[in-house]
$ cat protein-v4.pdb   # PDB, C-alpha atoms and all ligand atoms
ATOM      1  CA  MET A 100     117.187 -21.741 -21.608
ATOM      2  CA  ASP A 101     120.920 -22.347 -22.086
ATOM      3  CA  GLN A 102     123.614 -20.754 -19.950
ATOM      4  CA  GLN A 103     124.372 -18.015 -22.478
ATOM      5  CA  GLY A 104     120.653 -17.227 -22.657
ATOM      6  CA  LYS A 105     120.431 -16.935 -18.894
ATOM      7  CA  GLN A 106     123.323 -14.486 -18.814
ATOM      8  CA  ASP A 107     121.532 -12.210 -21.254
ATOM      9  CA  ALA A 108     118.284 -12.266 -19.303
ATOM     10  CA  VAL A 109     117.779  -8.914 -17.571
ATOM     11  CA  VAL A 110     114.643 -10.225 -15.871
ATOM     12  CA  GLU A 111     113.617 -13.821 -15.412
ATOM     13  CA  LEU A 112     110.508 -15.102 -13.657
ATOM     14  CA  SER A 113     110.376 -18.893 -13.252
ATOM     15  CA  SER A 114     107.100 -20.552 -12.249
ATOM     16  CA  VAL A 115     106.019 -17.406 -10.412
ATOM     17  CA  SER A 116     102.690 -17.308  -8.626
ATOM     18  CA  PHE A 117     101.422 -14.394  -6.593
ATOM     19  CA  GLN A 118      98.321 -13.966  -4.496
ATOM     20  CA  TYR A 119      96.865 -11.212  -2.331
ATOM     21  CA  GLU A 120      95.368 -13.089   0.622
ATOM     22  CA  ASP A 121      93.122 -15.632  -1.140
ATOM     23  CA  LYS A 122      93.068 -13.939  -4.546
ATOM     24  CA  VAL A 123      95.420 -15.549  -7.069
ATOM     25  CA  VAL A 124      96.701 -12.801  -9.375
ATOM     26  CA  LEU A 125      99.521 -14.588 -11.209
ATOM     27  CA  ASP A 126      99.615 -18.331 -11.661
ATOM     28  CA  ASP A 127     102.761 -20.206 -12.668
ATOM     29  CA  VAL A 128     104.157 -17.457 -14.863
ATOM     30  CA  GLN A 129     107.320 -17.811 -16.961
ATOM     31  CA  PHE A 130     108.575 -14.499 -18.231
ATOM     32  CA  SER A 131     111.912 -13.269 -19.440
ATOM     33  CA  LEU A 132     113.228  -9.999 -20.671
ATOM     34  CA  MET A 133     116.413 -10.198 -22.702
ATOM     35  CA  LYS A 134     119.018  -7.465 -22.964
ATOM     36  CA  GLY A 135     117.962  -4.938 -25.608
ATOM     37  CA  ASP A 136     114.314  -6.025 -25.721
ATOM     38  CA  PHE A 137     111.472  -3.506 -25.827
ATOM     39  CA  VAL A 138     108.554  -5.479 -24.428
ATOM     40  CA  GLY A 139     104.946  -4.357 -24.331
ATOM     41  CA  ILE A 140     102.681  -5.849 -21.658
ATOM     42  CA  VAL A 141      99.055  -6.246 -22.638
ATOM     43  CA  GLY A 142      96.081  -7.430 -20.581
ATOM     44  CA  PRO A 143      92.604  -6.453 -19.391
ATOM     45  CA  ASN A 144      92.016  -4.403 -16.231
ATOM     46  CA  GLY A 145      92.938  -6.322 -13.123
ATOM     47  CA  SER A 146      94.825  -9.007 -15.066
ATOM     48  CA  GLY A 147      98.035  -8.716 -13.055
ATOM     49  CA  LYS A 148     100.176  -6.340 -15.143
ATOM     50  CA  SER A 149     101.036  -3.991 -12.277
ATOM     51  CA  THR A 150     101.630  -6.969 -10.018
ATOM     52  CA  LEU A 151     104.104  -8.353 -12.556
ATOM     53  CA  MET A 152     105.920  -5.013 -12.546
ATOM     54  CA  LYS A 153     105.934  -4.799  -8.768
ATOM     55  CA  LEU A 154     107.509  -8.246  -8.599
ATOM     56  CA  ILE A 155     110.263  -7.063 -10.947
ATOM     57  CA  LEU A 156     110.765  -3.861  -8.955
ATOM     58  CA  GLY A 157     111.097  -5.867  -5.742
ATOM     59  CA  LEU A 158     108.022  -4.197  -4.240
ATOM     60  CA  LEU A 159     106.353  -7.612  -3.914
ATOM     61  CA  SER A 160     107.801 -11.098  -3.413
ATOM     62  CA  PRO A 161     106.363 -14.089  -5.243
ATOM     63  CA  THR A 162     104.208 -16.530  -3.301
ATOM     64  CA  LYS A 163     105.872 -19.297  -5.333
ATOM     65  CA  GLY A 164     108.681 -19.469  -7.866
ATOM     66  CA  SER A 165     111.674 -17.202  -8.366
ATOM     67  CA  VAL A 166     112.563 -13.808  -9.775
ATOM     68  CA  HIS A 167     116.064 -13.088 -11.071
ATOM     69  CA  LEU A 168     117.289  -9.607 -11.959
ATOM     70  CA  PHE A 169     120.492  -9.281 -13.981
ATOM     71  CA  GLY A 170     121.197 -12.927 -13.154
ATOM     72  CA  GLN A 171     120.830 -12.459  -9.397
ATOM     73  CA  PRO A 172     117.994 -13.766  -7.219
ATOM     74  CA  LEU A 173     115.636 -11.012  -6.041
ATOM     75  CA  SER A 174     116.554 -11.648  -2.400
ATOM     76  CA  LYS A 175     120.213 -10.775  -3.095
ATOM     77  CA  PHE A 176     119.718  -8.015  -5.638
ATOM     78  CA  ARG A 177     120.773  -4.555  -4.387
ATOM     79  CA  GLU A 178     121.704  -2.634  -7.526
ATOM     80  CA  TRP A 179     118.386  -0.854  -7.858
ATOM     81  CA  SER A 180     119.910   2.082  -9.731
ATOM     82  CA  ARG A 181     120.217  -0.323 -12.710
ATOM     83  CA  ILE A 182     116.415  -0.140 -12.974
ATOM     84  CA  GLY A 183     114.491   3.033 -13.828
ATOM     85  CA  TYR A 184     110.757   3.225 -13.241
ATOM     86  CA  VAL A 185     108.161   5.624 -14.572
ATOM     87  CA  ALA A 186     105.010   5.161 -12.506
ATOM     88  CA  GLN A 187     101.488   5.558 -13.763
ATOM     89  CA  GLN A 188     100.551   9.235 -13.695
ATOM     90  CA  VAL A 189      97.213  10.637 -12.776
ATOM     91  CA  ALA A 190      96.702  13.107 -15.638
ATOM     92  CA  HIS A 191      97.880  16.526 -14.531
ATOM     93  CA  GLY A 192      98.186  15.314 -10.967
ATOM     94  CA  ALA A 193     101.213  17.576 -10.580
ATOM     95  CA  GLY A 194      98.987  20.676 -10.842
ATOM     96  CA  GLY A 195      99.997  22.724  -7.832
ATOM     97  CA  PHE A 196     103.252  20.916  -7.070
ATOM     98  CA  PRO A 197     105.880  23.635  -6.599
ATOM     99  CA  ALA A 198     109.010  21.803  -7.879
ATOM    100  CA  THR A 199     110.780  22.800 -11.079
ATOM    101  CA  VAL A 200     111.723  20.486 -13.948
ATOM    102  CA  ARG A 201     115.371  20.664 -12.800
ATOM    103  CA  GLU A 202     114.444  19.647  -9.237
ATOM    104  CA  VAL A 203     112.177  16.790 -10.258
ATOM    105  CA  VAL A 204     114.776  15.349 -12.633
ATOM    106  CA  ALA A 205     117.533  15.744 -10.011
ATOM    107  CA  SER A 206     115.385  13.753  -7.566
ATOM    108  CA  GLY A 207     116.087  10.759  -9.836
ATOM    109  CA  LEU A 208     119.652  10.814  -8.506
ATOM    110  CA  VAL A 209     118.673  10.349  -4.871
ATOM    111  CA  GLY A 210     118.956   6.563  -5.013
ATOM    112  CA  LYS A 211     122.424   6.840  -6.461
ATOM    113  CA  ILE A 212     124.012   9.577  -4.345
ATOM    114  CA  GLY A 213     121.998   9.412  -1.125
ATOM    115  CA  LEU A 214     119.340  11.720   0.238
ATOM    116  CA  PHE A 215     121.461  14.170   2.183
ATOM    117  CA  ARG A 216     124.455  14.603  -0.064
ATOM    118  CA  ARG A 217     124.693  17.686  -2.181
ATOM    119  CA  LEU A 218     124.626  17.446  -5.927
ATOM    120  CA  GLN A 219     128.064  17.886  -7.465
ATOM    121  CA  ALA A 220     128.732  19.848 -10.647
ATOM    122  CA  HIS A 221     128.722  16.666 -12.732
ATOM    123  CA  HIS A 222     125.303  15.740 -11.329
ATOM    124  CA  HIS A 223     123.919  19.126 -12.396
ATOM    125  CA  LYS A 224     125.439  18.529 -15.810
ATOM    126  CA  SER A 225     123.757  15.098 -16.088
ATOM    127  CA  VAL A 226     120.410  16.676 -15.176
ATOM    128  CA  GLU A 227     120.815  19.359 -17.834
ATOM    129  CA  GLU A 228     121.908  16.838 -20.456
ATOM    130  CA  VAL A 229     118.976  14.502 -19.906
ATOM    131  CA  VAL A 230     116.498  17.410 -19.874
ATOM    132  CA  GLU A 231     117.976  18.557 -23.164
ATOM    133  CA  ARG A 232     117.647  15.024 -24.528
ATOM    134  CA  VAL A 233     113.909  14.974 -23.835
ATOM    135  CA  GLY A 234     113.570  18.426 -25.411
ATOM    136  CA  LEU A 235     112.714  20.463 -22.326
ATOM    137  CA  THR A 236     115.716  22.758 -21.864
ATOM    138  CA  ALA A 237     113.500  25.814 -22.279
ATOM    139  CA  LYS A 238     111.423  24.603 -19.314
ATOM    140  CA  LEU A 239     114.322  23.698 -17.015
ATOM    141  CA  ASP A 240     113.488  26.203 -14.280
ATOM    142  CA  GLN A 241     109.737  26.206 -14.707
ATOM    143  CA  ARG A 242     107.411  24.555 -12.256
ATOM    144  CA  ILE A 243     106.104  21.211 -13.455
ATOM    145  CA  GLY A 244     102.532  22.362 -12.733
ATOM    146  CA  SER A 245     102.757  24.623 -15.788
ATOM    147  CA  LEU A 246     103.562  21.783 -18.227
ATOM    148  CA  SER A 247     101.284  19.869 -20.607
ATOM    149  CA  GLY A 248     100.607  16.151 -20.049
ATOM    150  CA  GLY A 249     103.115  15.202 -22.775
ATOM    151  CA  GLN A 250     105.827  17.485 -21.372
ATOM    152  CA  LEU A 251     105.256  16.203 -17.863
ATOM    153  CA  GLN A 252     105.642  12.666 -19.088
ATOM    154  CA  ARG A 253     109.024  13.590 -20.596
ATOM    155  CA  VAL A 254     110.094  15.050 -17.229
ATOM    156  CA  PHE A 255     109.361  11.705 -15.580
ATOM    157  CA  ILE A 256     111.296   9.855 -18.288
ATOM    158  CA  ALA A 257     114.238  12.209 -17.704
ATOM    159  CA  ARG A 258     114.023  11.599 -13.949
ATOM    160  CA  ALA A 259     114.133   7.840 -14.531
ATOM    161  CA  LEU A 260     117.053   8.133 -16.979
ATOM    162  CA  VAL A 261     119.301  10.532 -15.073
ATOM    163  CA  ALA A 262     120.708   7.711 -12.940
ATOM    164  CA  GLU A 263     121.605   5.844 -16.165
ATOM    165  CA  PRO A 264     119.580   2.664 -15.667
ATOM    166  CA  GLU A 265     119.978  -0.381 -17.915
ATOM    167  CA  LEU A 266     116.323  -1.388 -17.621
ATOM    168  CA  LEU A 267     113.498   1.138 -17.913
ATOM    169  CA  ILE A 268     109.984   0.136 -16.830
ATOM    170  CA  LEU A 269     107.033   2.334 -17.771
ATOM    171  CA  ASP A 270     103.522   1.885 -16.387
ATOM    172  CA  GLU A 271     100.784   3.384 -18.588
ATOM    173  CA  PRO A 272     102.959   6.309 -19.658
ATOM    174  CA  THR A 273     100.556   7.669 -22.260
ATOM    175  CA  VAL A 274      97.477   8.185 -20.100
ATOM    176  CA  GLY A 275      96.437  11.841 -20.366
ATOM    177  CA  VAL A 276      98.732  12.481 -23.329
ATOM    178  CA  ASP A 277      97.181  13.566 -26.638
ATOM    179  CA  GLN A 278      97.434  11.322 -29.717
ATOM    180  CA  GLU A 279     100.076  13.363 -31.536
ATOM    181  CA  SER A 280     102.296  13.546 -28.453
ATOM    182  CA  ILE A 281     101.905   9.776 -27.970
ATOM    183  CA  GLU A 282     103.534   9.097 -31.349
ATOM    184  CA  GLN A 283     106.347  11.558 -30.527
ATOM    185  CA  PHE A 284     106.693   9.962 -27.130
ATOM    186  CA  TYR A 285     107.224   6.481 -28.588
ATOM    187  CA  GLY A 286     109.666   7.934 -31.100
ATOM    188  CA  LEU A 287     111.608   9.474 -28.231
ATOM    189  CA  LEU A 288     111.563   6.198 -26.288
ATOM    190  CA  ARG A 289     112.906   4.333 -29.288
ATOM    191  CA  SER A 290     115.814   6.729 -29.783
ATOM    192  CA  LEU A 291     116.623   6.817 -26.070
ATOM    193  CA  LYS A 292     116.621   3.047 -26.099
ATOM    194  CA  GLU A 293     119.060   2.902 -28.996
ATOM    195  CA  GLU A 294     121.375   5.647 -27.708
ATOM    196  CA  ASN A 295     121.607   4.178 -24.218
ATOM    197  CA  SER A 296     121.388   0.432 -25.045
ATOM    198  CA  LEU A 297     118.353   0.240 -22.781
ATOM    199  CA  THR A 298     116.120  -2.739 -22.174
ATOM    200  CA  MET A 299     112.541  -1.517 -21.837
ATOM    201  CA  MET A 300     109.227  -2.807 -20.604
ATOM    202  CA  ILE A 301     106.018  -0.861 -21.024
ATOM    203  CA  VAL A 302     102.452  -1.469 -19.890
ATOM    204  CA  SER A 303      99.814   0.209 -22.007
ATOM    205  CA  HIS A 304      96.130  -0.230 -22.748
ATOM    206  CA  ASP A 305      96.715   1.459 -26.064
ATOM    207  CA  VAL A 306      97.543  -1.866 -27.715
ATOM    208  CA  GLY A 307      97.209  -0.711 -31.333
ATOM    209  CA  VAL A 308      99.814   2.052 -30.989
ATOM    210  CA  MET A 309     102.120   0.355 -28.533
ATOM    211  CA  THR A 310     102.571  -2.825 -30.530
ATOM    212  CA  GLN A 311     103.823  -0.761 -33.482
ATOM    213  CA  TRP A 312     106.836   0.348 -31.454
ATOM    214  CA  VAL A 313     107.865  -2.632 -29.301
ATOM    215  CA  ASN A 314     109.698  -5.722 -30.559
ATOM    216  CA  LYS A 315     108.108  -8.211 -28.139
ATOM    217  CA  VAL A 316     104.687  -8.540 -26.575
ATOM    218  CA  ALA A 317     103.560 -10.410 -23.471
ATOM    219  CA  CYS A 318      99.850 -10.901 -22.797
ATOM    220  CA  VAL A 319      98.997 -11.334 -19.141
ATOM    221  CA  GLN A 320      95.844 -12.583 -17.554
ATOM    222  CA  GLN A 321      96.746 -14.542 -14.465
ATOM    223  CA  LYS A 322      98.921 -16.575 -16.830
ATOM    224  CA  ILE A 323     101.032 -15.433 -19.756
ATOM    225  CA  HIS A 324      98.792 -16.093 -22.765
ATOM    226  CA  PHE A 325     101.303 -15.011 -25.363
ATOM    227  CA  HIS A 326     104.990 -14.131 -25.131
ATOM    228  CA  GLY A 327     106.626 -13.539 -28.476
ATOM    229  CA  THR A 328     107.600 -11.056 -31.144
ATOM    230  CA  ALA A 329     105.426  -8.045 -31.941
ATOM    231  CA  HIS A 330     105.270  -9.419 -35.482
ATOM    232  CA  ASP A 331     103.769 -12.749 -34.342
ATOM    233  CA  PHE A 332     101.437 -10.903 -31.991
ATOM    234  CA  GLU A 333     100.153  -8.743 -34.802
ATOM    235  CA  HIS A 334      99.463 -11.776 -36.980
ATOM    236  CA  ASN A 335      97.537 -13.592 -34.251
ATOM    237  CA  GLN A 336      96.163 -10.699 -32.257
ATOM    238  CA  GLU A 337      92.480 -11.238 -32.968
ATOM    239  CA  GLN A 338      92.682 -14.732 -31.576
ATOM    240  CA  ILE A 339      94.897 -13.768 -28.602
ATOM    241  CA  LEU A 340      92.757 -10.782 -27.628
ATOM    242  CA  GLN A 341      89.562 -12.757 -28.114
ATOM    243  CA  GLN A 342      90.908 -15.317 -25.671
ATOM    244  CA  MET A 343      91.839 -12.645 -23.112
ATOM    245  CA  TYR A 344      89.103 -10.070 -23.512
ATOM    246  CA  GLY A 345      86.300 -12.348 -24.661
ATOM    247  CA  GLY A 346      85.575 -10.415 -27.841
ATOM    248  CA  SER A 347      84.964  -7.054 -26.171
ATOM    249  CA  MET A 348      88.132  -5.506 -27.530
ATOM    250  CA  LYS A 349      88.678  -3.785 -30.836
ATOM    251  CA  VAL A 350      92.205  -2.802 -31.714
ATOM    252  CA  LEU A 351      92.849   0.231 -33.845
ATOM    253  CA  SER A 352      96.120  -0.193 -35.644
ATOM    254  CA  HIS A 353      98.343   2.656 -36.688
ATOM    255  CA  HIS A 354     100.845   2.164 -39.420
ATOM    256  CA  HIS A 355     103.871   4.325 -39.914
TER     257      HIS A 355
HETATM  258  N1  LIG B 401      96.926  -4.508  -2.543
HETATM  259  C1  LIG B 401      96.011  -5.343  -3.043
HETATM  260  N2  LIG B 401      95.267  -6.127  -2.238
HETATM  261  C2  LIG B 401      94.349  -6.984  -2.729
HETATM  262  N3  LIG B 401      94.109  -7.145  -4.069
HETATM  263  C3  LIG B 401      94.809  -6.370  -4.911
HETATM  264  C4  LIG B 401      95.803  -5.432  -4.452
HETATM  265  N4  LIG B 401      96.361  -4.847  -5.539
HETATM  266  C5  LIG B 401      95.747  -5.361  -6.613
HETATM  267  N5  LIG B 401      94.834  -6.290  -6.243
HETATM  268  C6  LIG B 401      93.979  -7.092  -7.157
HETATM  269  O1  LIG B 401      94.842  -7.912  -7.934
HETATM  270  C7  LIG B 401      94.373  -8.008  -9.276
HETATM  271  C8  LIG B 401      95.480  -7.608 -10.238
HETATM  272  O2  LIG B 401      95.798  -6.253 -10.055
HETATM  273  P1  LIG B 401      96.863  -5.489 -10.937
HETATM  274  O3  LIG B 401      96.929  -4.089 -10.406
HETATM  275  O4  LIG B 401      98.125  -6.259 -11.001
HETATM  276  O5  LIG B 401      96.175  -5.511 -12.369
HETATM  277  P2  LIG B 401      96.462  -4.653 -13.672
HETATM  278  O6  LIG B 401      96.472  -5.621 -14.806
HETATM  279  O7  LIG B 401      97.673  -3.819 -13.490
HETATM  280  O8  LIG B 401      95.165  -3.743 -13.762
HETATM  281  P3  LIG B 401      94.914  -2.315 -14.447
HETATM  282  O9  LIG B 401      95.032  -2.530 -15.916
HETATM  283  O10 LIG B 401      93.514  -2.022 -14.046
HETATM  284  O11 LIG B 401      95.921  -1.351 -13.892
HETATM  285  C9  LIG B 401      93.136  -7.127  -9.362
HETATM  286  O12 LIG B 401      92.008  -7.931  -9.249
HETATM  287  C10 LIG B 401      93.236  -6.214  -8.161
HETATM  288  O13 LIG B 401      91.967  -5.867  -7.691
END

$ encode --input "protein-v4.pdb" --output "structure tokens"
Amino acid sequence: MDQQGKQDAVVELSSVSFQYEDKVVLDDVQFSLMKGDFVGIVGPNGSGKSTLMKLILGLLSPTKGSVHLFGQPLSKFREWSRIGYVAQQVAHGAGGFPATVREVVASGLVGKIGLFRRLQAHHHKSVEEVVERVGLTAKLDQRIGSLSGGQLQRVFIARALVAEPELLILDEPTVGVDQESIEQFYGLLRSLKEENSLTMMIVSHDVGVMTQWVNKVACVQQKIHFHGTAHDFEHNQEQILQQMYGGSMKVLSHHH
């Protein structure tokens, strides 16, 4: 990659290997995420997708190779508020949790303003604006336990966005969300991405729907089996998925 290319890389993994004790999970992986990309990560269960994300989030360090975030090596990187993360949700896991939408979204500011500082008026305003943006103003002071799976997911997106990250990483965000809400959810992600010039990375098992919305796809199974445009993925997907899933996978495509 040339120098200009490197400067535009939000994430860059060079020859990265990772193993848990004696189990090799990622082997000599090259992966880059360029500014403005919306990348979908595809791979069978246990193929290393979450591990890849944890390496990018600095939760794990590579056994070999290097990770660069916004052009800086992982070991030096401190600007974690530039990265927003929406973790995998256990469907309706928030059931009895007593916090309100406002409180959960405000908790996304902790990394930026510190745990024990009080929220200022402009922080409250940011919370209200982002809640409005995800269409939940009417629920602002309701407990999250009373929300549907799709609404809850939007609360977690708002929490990740309130600190104004440049990179948003989503792990299986559509689990427990009904089909109609999934389409709306991707539509919302796309507009948020455009409005905020976000770079996004999403892991989803729902390959047929996800690949309709992203512009790049990376297929992970210990190695990166494919890393290219969603268009090229779509044209070669039978072959790519056959190679990764051994023929046990059928993809249902949705066209808009
Ligand atoms: N803390 C750990 N200690 C040991 N092995 C682990 C640990 N975490 C994950 N693994 C193993 O590493 C491999 C890759 O796991 P990873 O969670 O990255 O896969 P994944 O592609 O995200 O899977 P899924 O689609 O099921 O979420 C799996 O075989 C898993 O069992």

$ closest_residue --input "protein-v4.pdb" --among "A:Glu202, A:Phe196, A:Ala186, A:Leu291" --to "A:Val233" --atoms "all atoms listed in the file"
A:Leu291

$ residues_near_ligand --input "protein-v4.pdb" --ligand "ligand LIG 401 (chain B)" --cutoff "7 Å" --atoms "all atoms listed in the file" --output "list in words"
Tyr119, Lys122, Val124, Gly142, Pro143, Asn144, Gly145, Ser146, Gly147, Lys148, Ser149, Thr150 and Leu151 of chain A

$ resolve_selection --input "protein-v4.pdb" --expression "the PyMOL selection byres (((chain A and resi 258) around 8) and not hetatm)" --output "list in words"
Val203, Val204, Ala205, Ser206, Gly207, Leu208, Val254, Phe255, Ile256, Ala257, Ala259, Leu260, Val261 and Ala262 of chain A

$ atom_distance --input "protein-v4.pdb" --atom1 "atom CA of A:Gly170" --atom2 "atom CA of A:Asp126"
22.3 Å

$ atom_distance --input "protein-v4.pdb" --atom1 "atom CA of A:Gly249" --atom2 "atom CA of A:Val276"
5.2 Å

$ closest_residue --input "protein-v4.pdb" --among "A:Glu333, A:Glu279, A:Glu293, A:Asp305" --to "A:Phe137" --atoms "only C-alpha atoms"
A:Glu293

$ resolve_selection --input "protein-v4.pdb" --expression "the PyMOL selection byres (((chain A and resi 173) around 12) and not hetatm)" --output "list in words"
Val109, Val110, Glu111, Leu112, Ser113, Lys153, Leu154, Ile155, Leu156, Gly157, Leu158, Leu159, Ser160, Pro161, Gly164, Ser165, Val166, His167, Leu168, Phe169, Gly170, Gln171, Pro172, Ser174, Lys175, Phe176, Arg177, Glu178 and Trp179 of chain A

$ write_last_selection --input "protein-v4.pdb" --atoms "C-alpha atoms" --output "JSON list (two decimals), keeping the file's coordinate frame"
[["chain", "number", "residue", "atom", "x", "y", "z"],
["A", 109, "VAL", "CA", 117.78, -8.91, -17.57],
["A", 110, "VAL", "CA", 114.64, -10.22, -15.87],
["A", 111, "GLU", "CA", 113.62, -13.82, -15.41],
["A", 112, "LEU", "CA", 110.51, -15.10, -13.66],
["A", 113, "SER", "CA", 110.38, -18.89, -13.25],
["A", 153, "LYS", "CA", 105.93, -4.80, -8.77],
["A", 154, "LEU", "CA", 107.51, -8.25, -8.60],
["A", 155, "ILE", "CA", 110.26, -7.06, -10.95],
["A", 156, "LEU", "CA", 110.76, -3.86, -8.96],
["A", 157, "GLY", "CA", 111.10, -5.87, -5.74],
["A", 158, "LEU", "CA", 108.02, -4.20, -4.24],
["A", 159, "LEU", "CA", 106.35, -7.61, -3.91],
["A", 160, "SER", "CA", 107.80, -11.10, -3.41],
["A", 161, "PRO", "CA", 106.36, -14.09, -5.24],
["A", 164, "GLY", "CA", 108.68, -19.47, -7.87],
["A", 165, "SER", "CA", 111.67, -17.20, -8.37],
["A", 166, "VAL", "CA", 112.56, -13.81, -9.78],
["A", 167, "HIS", "CA", 116.06, -13.09, -11.07],
["A", 168, "LEU", "CA", 117.29, -9.61, -11.96],
["A", 169, "PHE", "CA", 120.49, -9.28, -13.98],
["A", 170, "GLY", "CA", 121.20, -12.93, -13.15],
["A", 171, "GLN", "CA", 120.83, -12.46, -9.40],
["A", 172, "PRO", "CA", 117.99, -13.77, -7.22],
["A", 174, "SER", "CA", 116.55, -11.65, -2.40],
["A", 175, "LYS", "CA", 120.21, -10.78, -3.10],
["A", 176, "PHE", "CA", 119.72, -8.02, -5.64],
["A", 177, "ARG", "CA", 120.77, -4.56, -4.39],
["A", 178, "GLU", "CA", 121.70, -2.63, -7.53],
["A", 179, "TRP", "CA", 118.39, -0.85, -7.86]]

$ closest_residue --input "protein-v4.pdb" --among "A:Gln252, A:Gln118, A:Thr199, A:Gln338" --to "A:Leu288" --atoms "all atoms listed in the file"
A:Gln252

$ resolve_selection --input "protein-v4.pdb" --expression "the PyMOL selection byres (((chain A and resi 321-323) around 7) and not hetatm)" --output "ChimeraX atom specification"
/A:124-128,146-147,317-320,324-326

$ atom_distance --input "protein-v4.pdb" --atom1 "atom CA of A:Leu269" --atom2 "atom CA of A:Tyr184"
5.9 Å

$ closest_residue --input "protein-v4.pdb" --among "A:Glu263, A:Thr162, A:Ala198, A:Gln241" --to "A:Asp121" --atoms "only C-alpha atoms"
A:Thr162

$ closest_atom_pairs --input "protein-v4.pdb" --of "stretch 138-223 of chain A" --to "stretch 329-332 of chain A" --cutoff "12 Å" --atoms "all atoms listed in the file" --output "tab-separated table"
residue	atom	partner	partner_atom	distance
A:Val138	CA	A:Ala329	CA	8.5
A:Gly139	CA	A:Ala329	CA	8.5
A:Ile140	CA	A:Ala329	CA	10.9
A:Val141	CA	A:Phe332	CA	10.7

$ closest_residue --input "protein-v4.pdb" --among "A:Glu271, A:Asp277, A:Glu337, A:Glu282" --to "A:His304" --atoms "all atoms listed in the file"
A:Glu271

$ closest_residue --input "protein-v4.pdb" --among "A:Gln278, A:Lys292, A:His223, A:Ile301" --to "A:Gly248" --atoms "only C-alpha atoms"
A:Gln278

$ axis_aligned_box --input "protein-v4.pdb" --around "stretch 169-178 of chain A" --padding-each-side "4 Å" --output "lines of an AutoDock Vina configuration file"
center_x = 118.7
center_y = -8.2
center_z = -8.2
size_x = 14.1
size_y = 19.1
size_z = 19.6

$ decode --input "protein-v4.pdb" --residues "stretch 105-125 of chain A" --atoms "C-alpha atoms" --output "PDB file, in the first residue's frame"
ATOM      1  CA  LYS A 105      -1.744   4.067   4.627  1.00  0.00           C
ATOM      2  CA  GLN A 106      -2.897   7.477   5.813  1.00  0.00           C
ATOM      3  CA  ASP A 107      -6.470   6.658   4.864  1.00  0.00           C
ATOM      4  CA  ALA A 108      -6.432   3.306   6.633  1.00  0.00           C
ATOM      5  CA  VAL A 109      -8.527   3.514   9.804  1.00  0.00           C
ATOM      6  CA  VAL A 110      -7.535  -0.036  10.734  1.00  0.00           C
ATOM      7  CA  GLU A 111      -4.633  -2.029   9.396  1.00  0.00           C
ATOM      8  CA  LEU A 112      -3.633  -5.552  10.387  1.00  0.00           C
ATOM      9  CA  SER A 113      -0.335  -6.737   8.879  1.00  0.00           C
ATOM     10  CA  SER A 114       0.570 -10.431   9.035  1.00  0.00           C
ATOM     11  CA  VAL A 115      -1.471 -10.841  12.213  1.00  0.00           C
ATOM     12  CA  SER A 116      -1.663 -14.210  13.917  1.00  0.00           C
ATOM     13  CA  PHE A 117      -3.472 -14.883  17.159  1.00  0.00           C
ATOM     14  CA  GLN A 118      -3.721 -17.982  19.287  1.00  0.00           C
ATOM     15  CA  TYR A 119      -5.389 -18.893  22.570  1.00  0.00           C
ATOM     16  CA  GLU A 120      -2.855 -21.174  24.262  1.00  0.00           C
ATOM     17  CA  ASP A 121      -2.241 -23.793  21.546  1.00  0.00           C
ATOM     18  CA  LYS A 122      -5.291 -22.994  19.417  1.00  0.00           C
ATOM     19  CA  VAL A 123      -4.483 -20.876  16.359  1.00  0.00           C
ATOM     20  CA  VAL A 124      -7.492 -18.648  15.665  1.00  0.00           C
ATOM     21  CA  LEU A 125      -6.072 -16.212  13.104  1.00  0.00           C
TER      22      LEU A 125
END
